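Notes to accompany the following structure.
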Amino acid sequence: MSIPRREFLQMLAVAAAYGMPLAGRAAEAGGGDVLYDLPRAGGNVTLLHFTDCHAQLLPGHFREPDVNIGLGEARGRPPHLVGEALLSHFRISPKTRLAHAVTNIDFVDAARRYGRIGGFAHLATLVKHVRAQRPGALLLDGGDSWQGSATSLWTRGQDMIEASRLLGVEAMTGHWEFTHGAARVKEAIAKDLGPIEFIAQNVRTADFGDPVFKAYVMREVSGVPVAIIGQAFPYTPIANPRHFVAEWTFGIQEESLQGRVDEVRSKGAQAVVLLSHNGMDVDLKLAARVTGIDIILGGHTHDAVPEPVPVKNRSGTTLVTNAGSNGKFLAVVDLDVRGKKVRDRRYRLLPVFADFIKPDPDMETHIRKVRAPFEVKLAEKLAVTEDLLYRRGNFTGTFDQVILDALMETQGAEIAFSPGFRWGTTLLPGQSITLESLMDQTAITYPYVTVSEFTGEAIKNILEDVCDNLFNPDPYYQQGGDMVRVGGMSYRCDPTQKIGGRISGMTLGGRPIEAGKTYKIASWAPIAAGASGEPVWEVVARYLRAKKVVRSVRPNRPDLIGIQGNPGIS
């Protein structure tokens with residue numbers, strides 16, 4: 001059934017979003033029923049991909065990083081490009097919709113001009129539209145869908161599971177899903193996911209090494225057999241509490257993956273897709289070592305990469321992609337499969353500009369229903385921000401700083417640590433900080449605030465360890481998120497050095513931090529089993545209610561050494 005043109009937005013064609021100058025919202029809105037027209041340039045198989053939506057059912061804002069440093073072979077190549085360097089590399093004109101969607105440039109002005117991005121009701125409209133143009137298109141979810149909002153935390157992911165079913169997702173893999181615990185994941189698969197297949201070839205039982213989930217699914221599109229292999233986040237027990245998945249092992253599992261690729265090829269698959277939550281750097285290395293994969297649809301690192309990166313290996317070329325986060329994008333992949341081989345591939349990353357897309361009524365109804373019991377609580381206004389509040393980036397963002405300030409003030413601590421999470425929505429100057437927007441930064445199943453004492457030597461070792469997870473030259477050893485956010489103390493960081501030599505110049509109140517001296521540190525999100533404490537959102541909410549207005553937030557970032565001219569710094 002085709003969808004009437006007037007059921008969509010009034011917006012520019014995709015070509016305009018990808019570089020043509022814009023005349024302003026009023027002129028755009030009067031352009032007259034112009035859809036996301038995606039004429040086929042050949043191709044008989046279409047894949048639709050989104051990832052890392054982090055339970056954001058509503059449209060909003062999400063600022064892309066101003067620091068995403070690449071070193072060695074990764075320097076100057078996607079995804080380690082930000083700001084003007086990213087626009088230049090992908091030939092994107094400044095001051096356009098796409099420039100706003102994929103960079104932090106003039107973020108406040110651009111956000112006010114182009115409006116909110118994402119939202120499942122708007123994403124649903126776009127998915128239906130593309131499927132009307134391309135019957136049989138497969139919709140794939142790269143994971144991190146059941147975590148990142150208050151409603152997802154309080155419903156144990158059920159709000160997102162129902163939304164994904166309504167959206168028409170056919171297969172997904174996972175990462176933060178596992179922080180609901182192994183029992184909940186198994187329950188969801190058995191009772192709630194319905195037709196959605198949860199696939200992860202790299203998760204096995206710790207005792208006998210048996211597969212926990214299906215490794216792949218086979219689907220036929222336009223008569224073409226297509227294999228979708230799942231790859232869950234390989235470092236889940238390291239980056240998140242091990243006790244949530246105590247009986248499972250993860251890892252990259254290259255040999256196992258190669259075996260699965262060979263298996264689906266032997267079963268007649270003419271196109272092989274890896275639905276990955278490895279992170280883009282890991283996928284780039286993997287693509288050079290595992291053969292027979294046509295395209296990797298990647299996630300985890302939240303990189304909005306407008307074009308795939310081709311990677312050669314001993315049997316051909318694999319395209320590596322990453323489709324951003326927060327529901328901001330829908331990736332459309334057209335494969336031309338002839339003679340039992342993929343002959344051509346076309347990829348488009350479509351920004352979901354919510355203020356110009358008519359929301360899908362069925363998804364709107366679902367969203368209203370699941371939010372209704374919590375609406376009053378979520379709407380509580382804790383404070384007003386006069387600054388832009390954001391998180392994403394290798395180092396501390398302004399919303400991170402608010403959390404750090406709250407921890408130090410409420411806990412009487414000299415220093416505060418906050419995890420380098422990549423998720424968390426953005427607030428524009430003048431917006432209210434509601435309980436919901438605070439939960440967008442903190443909604444996890446291990447939210448406890450703790451206060452500990454560490455020596456200066458231990459502090460340096462912690463920073464060195466986390467920094468190595470971020471800047472290790474071997475992507476397979478990059479096992480976490482961005483750098484831990486630090487409040488109260490200053491330090492220098494040289495990402496080009498080896499572990500043990502990256503962190504220096506640690507000071508507190510202008511005085512050097514002493515190796516043998518003990519310091520009081522407040523933090524949250526402990527990964528040890530049995531940890532307890534007050535949930536971080538309650539601590540920060542109390543701080544914000546007293547503060548009433550947030551202004552002059554200056555993120556406490558380290559002095560960076562050795563990376564002058566790096567295109568991963570804006």
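Letters for chains follow the order of the structure tokens (A, B, ...), residue numbers begin at 1 for each chain, and ligand numbers begin at 1 in the order shown.
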Discussion item. Would you pick out the contacts of segment 433-443 of chain A at 6 Å or less, using only C-alpha atoms, so that residues sharing its chain but fewer than 6 positions from it are not included, and give the list as JSON, numbers by chain?
Written reply: {"A": [148, 149, 150, 378, 379, 380, 381, 382, 383, 384, 424]}
Worksheet item: Near Ile403 of chain A, counting only C-alpha atoms, which residues have an atom at most 10 Å away, once you skip same-chain residues fewer than 6 positions from it, shown as JSON, numbers by chain?
Response: {"A": [416, 417, 418, 438, 441, 442, 485, 487, 523, 524, 536, 537, 539, 540, 541, 543, 544]}
Since we have the selection now, will you write its residues out, keeping all heavy atoms, as a short mmCIF file (atom, residue, chain, number, x, y, z; two decimals), in the first residue's frame?
data_model
loop_
_atom_site.label_atom_id
_atom_site.label_comp_id
_atom_site.auth_asym_id
_atom_site.auth_seq_id
_atom_site.Cartn_x
_atom_site.Cartn_y
_atom_site.Cartn_z
N ALA A 416 36.11 14.48 41.46
CA ALA A 416 34.99 13.64 41.03
C ALA A 416 35.33 12.97 39.71
O ALA A 416 36.04 13.55 38.87
CB ALA A 416 33.72 14.47 40.88
N PHE A 417 34.86 11.76 39.55
CA PHE A 417 34.97 11.01 38.30
C PHE A 417 33.56 10.71 37.79
O PHE A 417 32.66 10.36 38.57
CB PHE A 417 35.69 9.67 38.50
CG PHE A 417 37.16 9.78 38.77
CD1 PHE A 417 37.84 8.71 39.36
CD2 PHE A 417 37.88 10.91 38.45
CE1 PHE A 417 39.20 8.78 39.61
CE2 PHE A 417 39.24 11.00 38.70
CZ PHE A 417 39.91 9.93 39.28
N SER A 418 33.38 10.83 36.47
CA SER A 418 32.13 10.44 35.83
C SER A 418 32.48 9.66 34.58
O SER A 418 33.42 10.02 33.85
CB SER A 418 31.30 11.68 35.47
OG SER A 418 30.03 11.32 34.97
N LEU A 438 17.75 14.99 32.73
CA LEU A 438 18.79 14.47 33.61
C LEU A 438 18.88 12.96 33.50
O LEU A 438 19.99 12.39 33.45
CB LEU A 438 18.50 14.88 35.05
CG LEU A 438 19.41 14.29 36.13
CD1 LEU A 438 20.87 14.63 35.88
CD2 LEU A 438 18.97 14.75 37.52
N GLN A 441 20.95 11.44 30.81
CA GLN A 441 22.38 11.37 31.06
C GLN A 441 22.78 10.26 32.03
O GLN A 441 23.96 9.89 32.11
CB GLN A 441 22.89 12.69 31.66
CG GLN A 441 22.42 13.94 30.96
CD GLN A 441 22.96 14.10 29.56
OE1 GLN A 441 24.11 13.76 29.30
NE2 GLN A 441 22.14 14.60 28.66
N THR A 442 21.81 9.72 32.76
CA THR A 442 22.17 8.89 33.92
C THR A 442 21.39 7.58 34.05
O THR A 442 21.65 6.82 34.99
CB THR A 442 21.95 9.69 35.22
OG1 THR A 442 20.58 10.13 35.30
CG2 THR A 442 22.87 10.91 35.27
N ARG A 485 35.52 11.42 32.78
CA ARG A 485 35.41 12.85 33.04
C ARG A 485 35.92 13.13 34.47
O ARG A 485 35.57 12.38 35.41
CB ARG A 485 33.97 13.32 32.93
CG ARG A 485 33.47 13.51 31.51
CD ARG A 485 33.58 12.33 30.57
NE ARG A 485 32.80 12.59 29.37
CZ ARG A 485 33.24 12.57 28.12
NH1 ARG A 485 34.52 12.26 27.89
NH2 ARG A 485 32.44 12.82 27.11
N GLY A 487 36.59 15.97 37.58
CA GLY A 487 36.30 17.26 38.18
C GLY A 487 37.26 17.56 39.32
O GLY A 487 37.71 16.66 40.03
N SER A 523 32.27 9.46 42.82
CA SER A 523 32.06 8.91 41.47
C SER A 523 30.71 8.22 41.42
O SER A 523 30.00 8.14 42.42
CB SER A 523 33.18 7.94 41.09
OG SER A 523 33.22 6.84 41.99
N TRP A 524 30.37 7.72 40.25
CA TRP A 524 29.12 6.96 40.12
C TRP A 524 29.29 5.88 39.07
O TRP A 524 30.29 5.83 38.36
CB TRP A 524 27.93 7.86 39.81
CG TRP A 524 27.92 8.52 38.46
CD1 TRP A 524 28.69 9.58 38.06
CD2 TRP A 524 27.09 8.18 37.34
NE1 TRP A 524 28.40 9.91 36.76
CE2 TRP A 524 27.43 9.08 36.29
CE3 TRP A 524 26.11 7.22 37.11
CZ2 TRP A 524 26.80 9.05 35.03
CZ3 TRP A 524 25.49 7.19 35.87
CH2 TRP A 524 25.83 8.08 34.85
N VAL A 536 22.51 8.40 41.13
CA VAL A 536 23.15 9.66 40.77
C VAL A 536 22.13 10.72 40.37
O VAL A 536 22.33 11.91 40.63
CB VAL A 536 24.19 9.43 39.64
CG1 VAL A 536 23.51 8.97 38.36
CG2 VAL A 536 25.04 10.67 39.41
N TRP A 537 21.02 10.30 39.75
CA TRP A 537 20.04 11.32 39.35
C TRP A 537 19.42 12.01 40.56
O TRP A 537 19.06 13.18 40.48
CB TRP A 537 18.97 10.72 38.44
CG TRP A 537 18.27 9.50 38.95
CD1 TRP A 537 17.26 9.45 39.88
CD2 TRP A 537 18.54 8.15 38.58
NE1 TRP A 537 16.87 8.17 40.10
CE2 TRP A 537 17.63 7.34 39.31
CE3 TRP A 537 19.41 7.54 37.70
CZ2 TRP A 537 17.61 5.95 39.19
CZ3 TRP A 537 19.40 6.16 37.57
CH2 TRP A 537 18.51 5.38 38.31
N VAL A 539 21.02 12.63 43.37
CA VAL A 539 22.07 13.53 43.86
C VAL A 539 22.12 14.79 42.99
O VAL A 539 22.12 15.92 43.50
CB VAL A 539 23.43 12.81 43.85
CG1 VAL A 539 24.56 13.80 44.15
CG2 VAL A 539 23.44 11.67 44.86
N VAL A 540 22.14 14.62 41.67
CA VAL A 540 22.25 15.77 40.77
C VAL A 540 20.96 16.58 40.80
O VAL A 540 20.99 17.82 40.72
CB VAL A 540 22.61 15.31 39.35
CG1 VAL A 540 22.71 16.51 38.41
CG2 VAL A 540 23.92 14.53 39.34
N ALA A 541 19.81 15.93 40.90
CA ALA A 541 18.54 16.65 40.96
C ALA A 541 18.50 17.56 42.18
O ALA A 541 18.04 18.72 42.10
CB ALA A 541 17.38 15.67 40.98
N TYR A 543 21.02 18.91 43.69
CA TYR A 543 21.96 20.01 43.40
C TYR A 543 21.32 21.03 42.47
O TYR A 543 21.42 22.25 42.70
CB TYR A 543 23.21 19.40 42.77
CG TYR A 543 24.16 20.37 42.12
CD1 TYR A 543 25.10 21.06 42.87
CD2 TYR A 543 24.13 20.58 40.74
CE1 TYR A 543 25.99 21.95 42.27
CE2 TYR A 543 25.01 21.45 40.13
CZ TYR A 543 25.94 22.14 40.90
OH TYR A 543 26.82 23.00 40.30
N LEU A 544 20.62 20.58 41.43
CA LEU A 544 20.02 21.49 40.46
C LEU A 544 18.85 22.26 41.05
O LEU A 544 18.66 23.44 40.76
CB LEU A 544 19.58 20.71 39.23
CG LEU A 544 20.71 20.17 38.33
CD1 LEU A 544 20.15 19.24 37.27
CD2 LEU A 544 21.48 21.32 37.69
#
Fill in: Residue among A:Val311, A:Ile503, A:Ile462, A:Val203 lying closest to Ser490 of chain A, counting only C-alpha atoms
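The answer is A:Ile503, which sits nearest to Ser490 of chain A.
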Worksheet item: Excluding same-chain residues fewer than 6 positions from Glu514 of chain A, what lies within 10 Å of it counting only C-alpha atoms, as number ranges by chain?
Response: A: 455-457, 506-508
The selected residues should be written to file as a PDB file, in the first residue's frame (atoms: all heavy atoms).
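Saved file out-v1.pdb follows:
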ATOM      1  N   THR A 455      45.030   7.166  46.557  1.00  0.00           N
ATOM      2  CA  THR A 455      46.304   7.875  46.556  1.00  0.00           C
ATOM      3  C   THR A 455      46.511   8.538  45.204  1.00  0.00           C
ATOM      4  O   THR A 455      45.871   8.187  44.206  1.00  0.00           O
ATOM      5  CB  THR A 455      47.465   6.904  46.804  1.00  0.00           C
ATOM      6  OG1 THR A 455      47.535   5.961  45.725  1.00  0.00           O
ATOM      7  CG2 THR A 455      47.306   6.170  48.133  1.00  0.00           C
ATOM      8  N   GLY A 456      47.413   9.501  45.178  1.00  0.00           N
ATOM      9  CA  GLY A 456      47.743  10.149  43.910  1.00  0.00           C
ATOM     10  C   GLY A 456      48.242   9.147  42.889  1.00  0.00           C
ATOM     11  O   GLY A 456      47.936   9.262  41.692  1.00  0.00           O
ATOM     12  N   GLU A 457      48.998   8.159  43.342  1.00  0.00           N
ATOM     13  CA  GLU A 457      49.484   7.127  42.423  1.00  0.00           C
ATOM     14  C   GLU A 457      48.330   6.337  41.826  1.00  0.00           C
ATOM     15  O   GLU A 457      48.318   6.046  40.619  1.00  0.00           O
ATOM     16  CB  GLU A 457      50.431   6.178  43.152  1.00  0.00           C
ATOM     17  CG  GLU A 457      51.013   5.083  42.271  1.00  0.00           C
ATOM     18  CD  GLU A 457      51.916   4.142  43.028  1.00  0.00           C
ATOM     19  OE1 GLU A 457      51.851   4.107  44.281  1.00  0.00           O
ATOM     20  OE2 GLU A 457      52.699   3.420  42.371  1.00  0.00           O
ATOM     21  N   MET A 506      49.508  16.382  37.105  1.00  0.00           N
ATOM     22  CA  MET A 506      48.270  16.365  37.884  1.00  0.00           C
ATOM     23  C   MET A 506      48.378  17.363  39.045  1.00  0.00           C
ATOM     24  O   MET A 506      49.316  17.301  39.837  1.00  0.00           O
ATOM     25  CB  MET A 506      47.998  14.965  38.421  1.00  0.00           C
ATOM     26  CG  MET A 506      47.828  13.909  37.347  1.00  0.00           C
ATOM     27  SD  MET A 506      47.209  12.319  38.001  1.00  0.00           S
ATOM     28  CE  MET A 506      48.343  11.995  39.333  1.00  0.00           C
ATOM     29  N   THR A 507      47.392  18.251  39.116  1.00  0.00           N
ATOM     30  CA  THR A 507      47.378  19.243  40.196  1.00  0.00           C
ATOM     31  C   THR A 507      45.979  19.371  40.777  1.00  0.00           C
ATOM     32  O   THR A 507      44.980  19.094  40.109  1.00  0.00           O
ATOM     33  CB  THR A 507      47.837  20.624  39.694  1.00  0.00           C
ATOM     34  OG1 THR A 507      46.919  21.106  38.699  1.00  0.00           O
ATOM     35  CG2 THR A 507      49.240  20.570  39.105  1.00  0.00           C
ATOM     36  N   LEU A 508      45.926  19.819  42.023  1.00  0.00           N
ATOM     37  CA  LEU A 508      44.665  20.076  42.710  1.00  0.00           C
ATOM     38  C   LEU A 508      44.807  21.393  43.450  1.00  0.00           C
ATOM     39  O   LEU A 508      45.683  21.538  44.306  1.00  0.00           O
ATOM     40  CB  LEU A 508      44.338  18.947  43.690  1.00  0.00           C
ATOM     41  CG  LEU A 508      43.036  19.098  44.485  1.00  0.00           C
ATOM     42  CD1 LEU A 508      41.826  19.076  43.563  1.00  0.00           C
ATOM     43  CD2 LEU A 508      42.917  17.983  45.538  1.00  0.00           C
TER      44      LEU A 508
END
Worksheet item: Which of these, A:Ser432, A:Thr125, A:Asn469, A:Asn104, has the shortest distance to Val549 of chain A once you count only C-alpha atoms?
Response: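 Distance minimum relative to Val549 of chain A lands on A:Ser432.
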